[in-house]
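Next comes entry.cif, a file with mmCIF, C-alpha atoms and all ligand atoms.
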data_structure
loop_
_atom_site.label_atom_id
_atom_site.label_comp_id
_atom_site.auth_asym_id
_atom_site.auth_seq_id
_atom_site.Cartn_x
_atom_site.Cartn_y
_atom_site.Cartn_z
CA MET A 14 89.88 -37.91 46.26
CA GLU A 15 89.97 -41.36 47.87
CA LYS A 16 90.75 -41.67 51.53
CA THR A 17 94.15 -43.19 52.31
CA ILE A 18 94.68 -45.88 54.93
CA GLU A 19 96.73 -43.36 56.94
CA GLN A 20 93.80 -40.92 56.98
CA TYR A 21 91.53 -43.71 58.18
CA CYS A 22 94.00 -44.59 60.96
CA LEU A 23 94.25 -40.93 61.98
CA GLU A 24 90.47 -40.58 62.17
CA HIS A 25 90.48 -43.28 64.84
CA SER A 26 93.58 -42.13 66.73
CA THR A 27 93.80 -39.47 69.43
CA GLN A 28 94.97 -36.21 67.91
CA PRO A 29 97.15 -33.51 69.44
CA SER A 30 95.86 -29.93 69.82
CA ALA A 31 95.06 -27.37 67.12
CA LEU A 32 98.19 -25.48 68.24
CA THR A 33 100.43 -28.41 67.27
CA ARG A 34 98.76 -28.45 63.85
CA GLU A 35 99.55 -24.74 63.59
CA MET A 36 103.19 -25.51 64.48
CA ALA A 37 103.42 -28.15 61.77
CA GLU A 38 101.88 -25.78 59.21
CA TYR A 39 104.22 -22.95 60.22
CA THR A 40 107.22 -25.27 59.98
CA LYS A 41 106.21 -26.48 56.51
CA LEU A 42 105.87 -22.88 55.30
CA HIS A 43 108.90 -21.26 56.95
CA VAL A 44 111.52 -23.82 58.01
CA PRO A 45 113.75 -25.93 55.76
CA GLY A 46 113.59 -29.63 56.59
CA ALA A 47 109.95 -29.73 57.70
CA ARG A 48 109.78 -33.37 56.74
CA MET A 49 111.83 -34.00 59.90
CA LEU A 50 108.69 -33.48 62.00
CA ILE A 51 107.17 -36.59 63.47
CA GLY A 52 103.78 -37.29 61.89
CA GLU A 53 100.37 -37.25 63.56
CA LEU A 54 100.28 -41.03 63.73
CA GLU A 55 103.62 -41.06 65.54
CA ALA A 56 102.24 -38.42 67.88
CA SER A 57 99.23 -40.63 68.61
CA LEU A 58 101.50 -43.58 69.42
CA LEU A 59 103.55 -41.39 71.79
CA THR A 60 100.26 -40.29 73.36
CA PHE A 61 99.16 -43.88 73.80
CA LEU A 62 102.45 -44.94 75.38
CA ILE A 63 102.55 -41.95 77.75
CA HIS A 64 99.13 -42.96 79.12
CA SER A 65 99.81 -46.71 79.08
CA LEU A 66 103.01 -46.43 81.07
CA GLY A 67 102.15 -43.47 83.29
CA ILE A 68 105.08 -41.50 81.96
CA LYS A 69 106.09 -38.36 83.85
CA SER A 70 109.65 -37.57 82.76
CA VAL A 71 110.80 -37.33 79.16
CA LEU A 72 114.17 -36.68 77.54
CA GLU A 73 114.03 -35.78 73.86
CA LEU A 74 117.10 -35.55 71.64
CA GLY A 75 116.18 -33.35 68.65
CA THR A 76 113.77 -30.48 69.40
CA PHE A 77 113.54 -28.87 65.93
CA THR A 78 110.51 -26.50 65.99
CA GLY A 79 109.09 -28.11 69.11
CA TYR A 80 106.23 -30.11 67.58
CA SER A 81 106.95 -33.52 69.14
CA SER A 82 107.81 -31.90 72.49
CA LEU A 83 104.43 -30.16 72.69
CA CYS A 84 102.56 -33.27 71.49
CA MET A 85 104.11 -35.15 74.43
CA ALA A 86 103.76 -32.30 76.93
CA GLU A 87 100.01 -32.12 76.25
CA GLN A 88 99.70 -35.71 77.47
CA LEU A 89 101.85 -35.46 80.58
CA PRO A 90 100.35 -34.85 84.02
CA GLU A 91 100.66 -31.39 85.60
CA ASP A 92 103.94 -32.35 87.28
CA GLY A 93 105.30 -34.02 84.13
CA ARG A 94 108.53 -32.69 82.65
CA ILE A 95 110.30 -32.78 79.26
CA THR A 96 113.93 -31.88 78.70
CA THR A 97 114.62 -31.44 75.00
CA VAL A 98 118.03 -30.95 73.44
CA ASP A 99 119.03 -29.38 70.11
CA VAL A 100 122.00 -27.54 68.61
CA ASN A 101 119.92 -25.13 66.56
CA LYS A 102 119.23 -21.81 68.30
CA TRP A 103 116.89 -20.54 65.57
CA THR A 104 114.53 -23.53 65.51
CA THR A 105 114.62 -23.79 69.32
CA GLY A 106 113.51 -20.14 69.44
CA ILE A 107 110.58 -20.92 67.14
CA ALA A 108 109.70 -23.86 69.39
CA GLN A 109 109.77 -21.70 72.53
CA GLY A 110 107.49 -19.14 70.86
CA PHE A 111 104.84 -21.82 70.29
CA TRP A 112 105.24 -23.49 73.69
CA ASP A 113 104.68 -20.11 75.35
CA LYS A 114 101.18 -20.09 73.80
CA SER A 115 100.27 -23.40 75.45
CA PRO A 116 99.35 -24.14 79.09
CA HIS A 117 101.56 -27.24 78.71
CA GLY A 118 104.61 -25.29 77.55
CA LYS A 119 105.83 -24.82 81.12
CA LYS A 120 106.52 -28.57 81.31
CA ILE A 121 109.21 -28.21 78.62
CA THR A 122 112.83 -27.16 79.18
CA ALA A 123 114.92 -26.56 76.06
CA ILE A 124 118.65 -27.22 76.21
CA LEU A 125 120.81 -25.68 73.51
CA SER A 126 123.68 -28.14 73.14
CA LYS A 127 125.08 -30.99 71.12
CA GLY A 128 123.28 -34.10 72.35
CA ARG A 129 126.43 -36.04 73.24
CA GLU A 130 128.00 -33.13 75.13
CA TYR A 131 124.87 -32.63 77.18
CA LEU A 132 124.43 -36.30 77.98
CA GLU A 133 128.03 -36.67 79.13
CA SER A 134 127.22 -34.42 82.09
CA LEU A 135 123.66 -35.62 82.73
CA ASN A 136 123.09 -38.08 85.52
CA GLU A 137 119.33 -38.48 85.63
CA LYS A 138 116.84 -41.20 84.73
CA PHE A 139 113.79 -40.76 82.50
CA ASP A 140 110.55 -42.65 81.86
CA LEU A 141 110.71 -41.94 78.13
CA ILE A 142 113.80 -41.20 76.06
CA PHE A 143 112.92 -40.13 72.53
CA ILE A 144 115.92 -40.21 70.16
CA ASP A 145 115.45 -38.03 67.09
CA ALA A 146 118.68 -36.01 66.64
CA ASP A 147 121.94 -36.55 64.65
CA LYS A 148 121.94 -40.05 63.23
CA ASN A 149 125.71 -40.58 63.58
CA SER A 150 125.30 -40.49 67.36
CA TYR A 151 122.46 -43.04 67.48
CA PRO A 152 124.64 -45.90 68.84
CA TYR A 153 125.94 -43.60 71.61
CA TYR A 154 122.42 -42.34 72.36
CA VAL A 155 120.86 -45.80 72.72
CA GLU A 156 123.67 -47.01 74.98
CA TRP A 157 123.32 -43.89 77.12
CA ALA A 158 119.55 -44.32 77.23
CA LYS A 159 119.85 -47.94 78.39
CA ASP A 160 121.70 -46.75 81.50
CA HIS A 161 119.35 -43.83 82.19
CA LEU A 162 115.97 -45.47 81.99
CA THR A 163 113.62 -45.77 84.97
CA GLU A 164 112.27 -49.22 85.78
CA LYS A 165 109.10 -48.74 83.70
CA GLY A 166 110.92 -46.63 81.12
CA ILE A 167 110.84 -46.87 77.34
CA ILE A 168 113.27 -45.75 74.64
CA ILE A 169 111.88 -44.70 71.26
CA VAL A 170 114.25 -44.27 68.34
CA ASP A 171 112.86 -42.42 65.33
CA ASN A 172 113.83 -42.85 61.65
CA THR A 173 115.02 -46.42 62.11
CA LEU A 174 114.03 -47.33 58.53
CA TRP A 175 115.67 -44.15 57.14
CA SER A 176 113.63 -44.03 53.92
CA GLN A 177 114.26 -47.78 53.51
CA LYS A 178 118.01 -47.19 53.13
CA VAL A 179 118.52 -49.86 55.80
CA LEU A 180 117.83 -52.42 53.06
CA GLU A 181 120.53 -51.13 50.71
CA ILE A 182 123.50 -53.37 49.95
CA SER A 183 126.07 -50.65 50.64
CA PRO A 184 124.39 -48.26 53.08
CA ASP A 185 126.01 -44.86 53.70
CA GLU A 186 127.60 -43.87 57.01
CA GLN A 187 124.45 -42.39 58.57
CA THR A 188 122.41 -45.43 57.62
CA GLN A 189 125.06 -47.74 59.05
CA SER A 190 124.95 -45.79 62.29
CA ILE A 191 121.15 -46.13 62.55
CA MET A 192 121.45 -49.84 61.74
CA LYS A 193 124.15 -50.26 64.41
CA ALA A 194 121.95 -48.65 67.06
CA THR A 195 119.02 -50.87 66.06
CA GLN A 196 121.23 -53.95 66.11
CA LEU A 197 122.68 -53.05 69.50
CA ALA A 198 119.33 -52.46 71.18
CA SER A 199 117.67 -55.52 69.73
CA SER A 200 120.43 -57.74 71.12
CA TRP A 201 120.34 -56.43 74.72
CA GLU A 202 119.67 -59.11 77.34
CA GLY A 203 116.55 -58.41 79.38
CA PHE A 204 114.95 -56.01 76.90
CA VAL A 205 112.20 -56.33 74.30
CA THR A 206 112.09 -54.36 71.07
CA THR A 207 109.64 -53.79 68.27
CA LEU A 208 110.43 -51.88 65.09
CA LEU A 209 107.23 -50.41 63.73
CA PRO A 210 107.00 -49.27 60.09
CA ILE A 211 105.13 -46.09 61.06
CA ARG A 212 106.31 -43.16 58.95
CA ASP A 213 110.13 -43.54 58.81
CA GLY A 214 110.31 -46.36 61.35
CA MET A 215 110.00 -46.23 65.14
CA LEU A 216 112.05 -48.60 67.27
CA LEU A 217 110.52 -49.18 70.72
CA ILE A 218 112.79 -50.59 73.43
CA LYS A 219 111.68 -51.63 76.91
CA ARG A 220 113.01 -53.61 79.83
CA LYS A 221 111.29 -56.98 80.32
CA THR A 222 108.93 -57.05 83.26
CA ASN A 223 109.72 -60.63 84.27
C1 LIG A 301 114.38 -34.83 63.10
S1 LIG A 301 114.67 -33.26 63.81
C2 LIG A 301 113.73 -33.36 65.30
C3 LIG A 301 112.24 -33.30 65.05
C4 LIG A 301 111.37 -33.15 66.28
N1 LIG A 301 111.62 -34.24 67.22
C5 LIG A 301 109.92 -33.13 65.90
O1 LIG A 301 109.41 -34.17 65.45
O2 LIG A 301 109.25 -32.10 66.05
C6 LIG A 301 116.34 -33.41 64.27
C7 LIG A 301 116.93 -32.26 65.08
O3 LIG A 301 118.20 -32.69 65.57
C8 LIG A 301 119.00 -31.55 65.70
N2 LIG A 301 120.41 -31.95 65.80
C9 LIG A 301 121.30 -32.20 64.80
N3 LIG A 301 122.49 -32.54 65.31
C10 LIG A 301 122.37 -32.50 66.66
C11 LIG A 301 123.24 -32.76 67.75
N4 LIG A 301 124.51 -33.10 67.55
N5 LIG A 301 122.76 -32.63 68.99
C12 LIG A 301 121.47 -32.27 69.22
N6 LIG A 301 120.60 -32.00 68.23
C13 LIG A 301 121.04 -32.12 66.97
C14 LIG A 301 118.68 -30.73 64.46
O4 LIG A 301 119.03 -29.37 64.70
C15 LIG A 301 117.19 -30.98 64.29
O5 LIG A 301 116.43 -29.92 64.85
#

Turn this file's structure into structure tokens for me.
Ligand SMILES: C[S@@+](CC[C@H](N)C(=O)[O-])C[C@H]1O[C@@H](n2cnc3c(N)ncnc32)[C@H](O)[C@@H]1O
Amino acid sequence: MEKTIEQYCLEHSTQPSALTREMAEYTKLHVPGARMLIGELEASLLTFLIHSLGIKSVLELGTFTGYSSLCMAEQLPEDGRITTVDVNKWTTGIAQGFWDKSPHGKKITAILSKGREYLESLNEKFDLIFIDADKNSYPYYVEWAKDHLTEKGIIIVDNTLWSQKVLEISPDEQTQSIMKATQLASSWEGFVTTLLPIRDGMLLIKRKTN
């Protein structure tokens, strides 16, 4: 079979551990909605950004089976920390089971809560805020993230192309919500954005440095 361009890219991109591959395989076999996992190319971009920006603190909205959390945790320094939030007790339990097998798992704290409820009581800043939970809350999440970003911090919003539904003439409610968040963030004064067509679309948002 011919090699795809994605395979070629992956061959030349830093890969997460064998354990994360095991997590992805387990999720595909046993958990409905496995396509929600970030892909390996997304993981390599997160890896690159963590090292480029010297990221130490991460907030993730949308834990699922813990794949993206562990991919990021593996790249953080020893004193790096991830707080990851999800409503689903079952998938968070699966995630914890895998993290416990990794020396990097201790960097991750899982919060079982609706994202919005948790954020309403959270007064902390983060170097990286990764938004990958309920799409209807995306506008709220990006606005919250803007006010809780460290000076060097970056916001990453996943699924911003939403299977290309963002191009539809009459997009559904979820799509409109994703589009609203994208529109909001790309119009903020003093910030730069880039929407990359990796997998389902990754919007990167960062404060200008000058
Ligand atoms: C796309 S998945 C996250 C995938 C994960 N980041 C990964 O790549 O490994 C989205 C997750 O958001 C969670 N979720 C849905 N509604 C939520 C809410 N209101 N608050 C927090 N999490 C929510 C779902 O339970 C699901 O696990």

Given all atoms listed in the file as the counted atoms, nearest of A:Gln187, A:Ser81, A:Asn101, A:Thr222 to Lys127 of chain A: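 Residue with the minimum atom-to-atom distance to Lys127 of chain A: A:Asn101.
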
Distance criterion (only C-alpha atoms): nearest to Ser199 of chain A out of A:Leu216, A:Ile121, A:Ala86, A:Leu58: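 Using only C-alpha atoms, Ser199 of chain A sits closest to A:Leu216.
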
Residues within 8 Å of Ser126 of chain A, all atoms listed in the file, excluding chain neighbours under 2 positions, as a tab-separated table (two decimals) with C-alpha atoms, keeping the file's coordinate frame:
chain	number	residue	atom	x	y	z
A	98	VAL	CA	118.03	-30.95	73.44
A	99	ASP	CA	119.03	-29.38	70.11
A	100	VAL	CA	122.00	-27.54	68.61
A	124	ILE	CA	118.65	-27.22	76.21
A	128	GLY	CA	123.28	-34.10	72.35
A	130	GLU	CA	128.00	-33.13	75.13
A	131	TYR	CA	124.87	-32.63	77.18

Selected residue, from A:Ile63, A:Leu54, A:Ile191, A:Ile142, that lies nearest to Ile18 of chain A when counting only C-alpha atoms: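 The answer is A:Leu54, which sits nearest to Ile18 of chain A.
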
Expected answer as a VMD selection string: residues within 10 Å of ligand LIG 301 (chain A), all atoms listed in the file: chain A and resid 33 36 to 37 40 46 to 53 55 to 56 73 to 84 97 to 105 108 124 to 132 143 to 150 171 to 172

Contact residues around Thr163 of chain A with only C-alpha atoms at 9 Å, ignoring same-chain residues under 6 positions, as a VMD selection string: chain A and resid 138 to 141

Please tabulate, as CSV, the residues of segment 101-183 of chain A that come within 12 Å of segment 204-209 of chain A, each with its closest pair of atoms and the distance in Å to one decimal, counting all atoms listed in the file and ordering rows by chain, then residue number upward.
residue,atom,partner,partner_atom,distance
A:Lys159,CA,A:Phe204,CA,9.6
A:Leu162,CA,A:Phe204,CA,11.7
A:Glu164,CA,A:Phe204,CA,11.5
A:Lys165,CA,A:Phe204,CA,11.5
A:Gly166,CA,A:Phe204,CA,11.0
A:Ile167,CA,A:Thr206,CA,9.8
A:Ile168,CA,A:Thr206,CA,9.4
A:Ile169,CA,A:Leu208,CA,9.6
A:Val170,CA,A:Leu208,CA,9.1
A:Asp171,CA,A:Leu208,CA,9.8
A:Asn172,CA,A:Leu208,CA,10.2
A:Thr173,CA,A:Leu208,CA,7.7
A:Leu174,CA,A:Leu208,CA,8.8

Spatial neighbours of Met85 of chain A, max dist 10 Å, all atoms listed in the file, sep filter under 5 positions, as an MDAnalysis selection string: chainID A and resid 29 56:57 59:60 62:63 68 71 73 80 93:95 117 120:121

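Of note, atom CA of Trp175 of chain A and atom CA of Gly214 of chain A are spaced 7.2 Å apart.
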
Selected residue, from A:Ser134, A:Met192, A:Ala123, A:Asp185, that lies nearest to Pro152 of chain A when counting all atoms listed in the file: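 Result for the nearest residue to Pro152 of chain A: A:Met192.
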
Residue among A:Ile182, A:Leu72, A:Met215, A:Ile107 lying closest to Trp157 of chain A, counting all atoms listed in the file: A:Leu72

Which residue of A:Pro116, A:Pro184, A:Pro210, A:Gly203 approaches Leu32 of chain A most closely, using all atoms listed in the file: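 The answer is A:Pro116, which sits nearest to Leu32 of chain A.
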
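Taking only C-alpha atoms, the non-local environment of Lys193 of chain A within 9 Å (same-chain residues fewer than 5 positions away omitted) comprises A:Tyr151, A:Pro152, A:Thr188, A:Ala198.
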
Can you write out the residues you just picked, keeping C-alpha atoms, as an mmCIF file, in the coordinates of the input?
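Here's the written file again03.cif:
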data_model
loop_
_atom_site.group_PDB
_atom_site.id
_atom_site.type_symbol
_atom_site.label_atom_id
_atom_site.label_comp_id
_atom_site.auth_asym_id
_atom_site.auth_seq_id
_atom_site.Cartn_x
_atom_site.Cartn_y
_atom_site.Cartn_z
ATOM 1 C CA TYR A 151 122.460 -43.040 67.480
ATOM 2 C CA PRO A 152 124.640 -45.900 68.840
ATOM 3 C CA THR A 188 122.410 -45.430 57.620
ATOM 4 C CA ALA A 198 119.330 -52.460 71.180
#

Distance of atom CA of Lys69 of chain A from atom CA of Glu24 of chain A, expressed in Å to one decimal place: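 It comes out at 26.8 Å.
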
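You will find atom CA of Thr122 of chain A at 25.2 Å from atom CA of Leu42 of chain A.
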